[in-house]
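Contents: one structure, followed by commentary.
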Amino acid sequence: LRCQLRWPRFQSMSTLWWVLLLVTLSLLLHALVVQRPETLPEWNQQLQVLRESYFSQSESSPLQSISEKNVNKIEIIKSEERDKYINDLVYGDEQNQPMSDAQVVETIDTIVNQPTHKKTTNEPGDKKTANESENKKSSKEAWELLPQRGKGKRPNAYENDEVTNVNWTREISMAREKVYKKRAIQVKKSCRLLRHEGLYQTPLGNIHTNMRWDEENNLIWCPIFKAASTTWVKNFLILAGEMKLKSSLHGEVDEVFAAPQSRKQRMLQLNKSLKMLIVRHPLDRLLSAYRDKMLRFRNPGDAYLGLQLCLVEKYPNPGPNDPDRSNTTANICRAGVDKKLKKQLKKSHGNITHPTFTQFLLLVRDDMRLWIKNPKKIKVNLHWRPYWIQCGPCQVNYDVIMHTESLDIDNEYVIHKAGLEGIIFNAHTHASKFDAYNDTSESTKAYYSQVPPWLLDDIVEFYQPDLTIFGYSAQPYFDIVNS
């Protein structure tokens, strides 16, 4: 009797559960078919372009359906966190429902237009004027496009990159062309004189090997270390689409932009390419090399640490008024760290004695003396190798000779002349600083005032071709030493 009384209730409950199950399945099917329309693969493609492309201005690009004004801002959403954020917004996550197409467009527009760098306008009390702030400011939007080592890592050194915005005009371009023509005339006249005096000619094949050849953009550059080389290495890697690096910056660009194999190919490419060279005052460059390579302690395996310790131990340190009693040879010290020395450096925790600027110049002098004895076998370190040896300005007719003293405007000219506007930035990577000096002229006075006059005489003799070819004078440095 009890079973008969409860049977109708049991039958109605069973029917209710079946109804609920069918409703649930219908909702799921509706969510899959209706809420995820056939346009979702297209959005997925657009998101992929957002992740992998930068500065894509093709009219057929899927990005055009999002917003034309966003094409030049794609770099802002390169990070993995923003990729995940967009995916969650579009497709939904554990807490959010999927968005409609209109909401996706609005959201991406909002993300793209968000600033990714700190303040760029001047607050009350700032020293820089508004014009200076507009023409020269730190831009993390540009920094995010620059090559980076390691997955998701951006070394602090890259945060110092500055991007200069120049309102380029035809008048500025014509004025700069007059400057480059004047510099080229200076080079030709000086080379004619130096050839008559028997200046050594580096084999043309070696010079071609030292160059970086961008055949796609018809741009050839001969890098001079410690003369804006890192700035233009980054530019070349951006042109190659290399955003992540496994090796060093310079090592990567050497492989990507190697010289054409045959001499005929090289000559054809030289004739149709814009050939550029960047130089700075040779004595200023020597000081930059010393501050970067002789005052740093990056890690116990740094090859230049071995050179630093060797200079301190085996090279004399004459004062500014001491005579030349040094009997040194470049065979004594070479860059490198063995296992034993590496263990000692780990224990020191960076507490080591660095060589003086005078000891470093003695090493440079010895390097050049050995090279003169056997130029075909001896190679001078790239960070203080003379320009006329490295790039052969008397053998190659460079179209644009850039000076670090006018680097911002020279960079802008090359970018426009080569048709690379909107592809690479007019960026400037600041040199590493391992001392207390922020101003170049201040550090020049401080370091060169400790150099003996006879040592500066020897150094200038070796770098006189560079001084003559590019119109630099050593007199200001002699004035510092003699004072």
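Numbering starts fresh at 1 for the residues of each chain in the structure tokens, the chains themselves are lettered A, B, ... in the order given, and ligands are numbered from 1 as they appear.
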
- Query: Near Asp399 of chain A, within 8 Å and counting only C-alpha atoms, which residues show up once chain neighbours fewer than 5 positions away are dropped, as JSON, numbers by chain?
  - Reply: {"A": [180, 184, 274, 275, 276]}

Exercise: Asn411 of chain A partners within 9 Å, only C-alpha atoms, chain neighbours under 2 positions left out, as a PDB file with C-alpha atoms, in the first residue's frame:
ATOM      1  CA  MET A 402      77.575  60.098 -39.282  1.00  0.00           C
ATOM      2  CA  SER A 406      75.077  64.836 -34.270  1.00  0.00           C
ATOM      3  CA  LEU A 407      73.645  61.324 -34.019  1.00  0.00           C
ATOM      4  CA  ASP A 408      69.975  62.226 -33.599  1.00  0.00           C
ATOM      5  CA  ILE A 409      69.719  64.216 -36.808  1.00  0.00           C
ATOM      6  CA  TYR A 413      68.363  61.345 -42.248  1.00  0.00           C
ATOM      7  CA  VAL A 414      69.339  57.711 -42.837  1.00  0.00           C
ATOM      8  CA  ILE A 415      65.898  56.455 -41.798  1.00  0.00           C
ATOM      9  CA  HIS A 416      64.208  58.746 -44.341  1.00  0.00           C
ATOM     10  CA  PHE A 425      62.960  54.118 -34.498  1.00  0.00           C
ATOM     11  CA  ASN A 426      65.393  56.993 -34.182  1.00  0.00           C
ATOM     12  CA  ALA A 427      66.560  55.358 -30.962  1.00  0.00           C
TER      13      ALA A 427
END

Contact residues around Asp435 of chain A with only C-alpha atoms at 10 Å, ignoring same-chain residues under 4 positions, as a short mmCIF file (atom, residue, chain, number, x, y, z; two decimals) with N, CA, C and O atoms, in the first residue's frame:
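Listing of out.cif after writing:
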data_model
loop_
_atom_site.label_atom_id
_atom_site.label_comp_id
_atom_site.auth_asym_id
_atom_site.auth_seq_id
_atom_site.Cartn_x
_atom_site.Cartn_y
_atom_site.Cartn_z
N ARG A 291 85.92 52.93 -19.84
CA ARG A 291 84.86 52.97 -18.83
C ARG A 291 83.93 51.77 -18.93
O ARG A 291 83.40 51.30 -17.91
N ASP A 292 83.75 51.26 -20.15
CA ASP A 292 82.85 50.12 -20.35
C ASP A 292 83.52 48.79 -20.05
O ASP A 292 82.93 47.91 -19.42
N LEU A 295 86.06 49.03 -16.11
CA LEU A 295 85.48 49.39 -14.81
C LEU A 295 84.28 48.54 -14.43
O LEU A 295 83.67 48.75 -13.39
N ARG A 296 83.94 47.59 -15.26
CA ARG A 296 82.72 46.82 -15.03
C ARG A 296 83.01 45.51 -14.32
O ARG A 296 84.11 44.96 -14.38
N SER A 443 84.00 63.74 -17.52
CA SER A 443 84.82 62.54 -17.40
C SER A 443 86.10 62.67 -18.22
O SER A 443 87.16 62.17 -17.81
#

- Quick one: everything within 8 Å of segment 463-474 of chain A, counting only C-alpha atoms, minus sequence neighbours fewer than 2 positions away in the same chain. Send it as a PyMOL selection string. chain A and resi 183+186-188+190-191+194+281-283+386-388+459-461+476-478

- Message: Which residues are close to Asp214 of chain A, i.e. within 9 Å by only C-alpha atoms, leaving aside same-chain residues fewer than 5 positions away? Reply as an MDAnalysis selection string.
- Response: chainID A and resid 219:221 236 239:240 256:259 273

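Take atom CA of Ile401 of chain A and atom CA of Thr169 of chain A: the distance between them is 20.2 Å.
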
- Note on the structure: If you count only C-alpha atoms, the residue of A:Asp366, A:Asp302, A:Glu442, A:Glu421 closest to Asn165 of chain A turns out to be A:Glu421

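Proximity to Cys222 of chain A was assessed for A:Trp454, A:Tyr398, A:Tyr437, A:Trp18 counting only C-alpha atoms; the smallest distance is recorded for A:Tyr398.
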
- note - atom CA of Glu405 of chain A and atom CA of Arg192 of chain A are separated by 25.6 Å

- Message: Taking only C-alpha atoms into account, name the residue in A:Val451, A:Ala175, A:His428, A:Ala303 that is nearest to Leu362 of chain A.
- Response: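 Selected residue with least distance to Leu362 of chain A: A:Val451.
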
- What is the distance, in Å and to one decimal place, between atom CA of Ser449 of chain A and atom CA of Ser483 of chain A?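 Atom-to-atom, atom CA of Ser449 of chain A to atom CA of Ser483 of chain A, that is 7.6 Å.
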
- Task: Among the residues of segment 187-335 of chain A, find those DSSP assigns to helix (DSSP H, G or I) from the backbone and print them as a PyMOL selection string.
- Result: chain A and resi 187-196+204-210+229-239+249-256+263-272+282-293+303-314
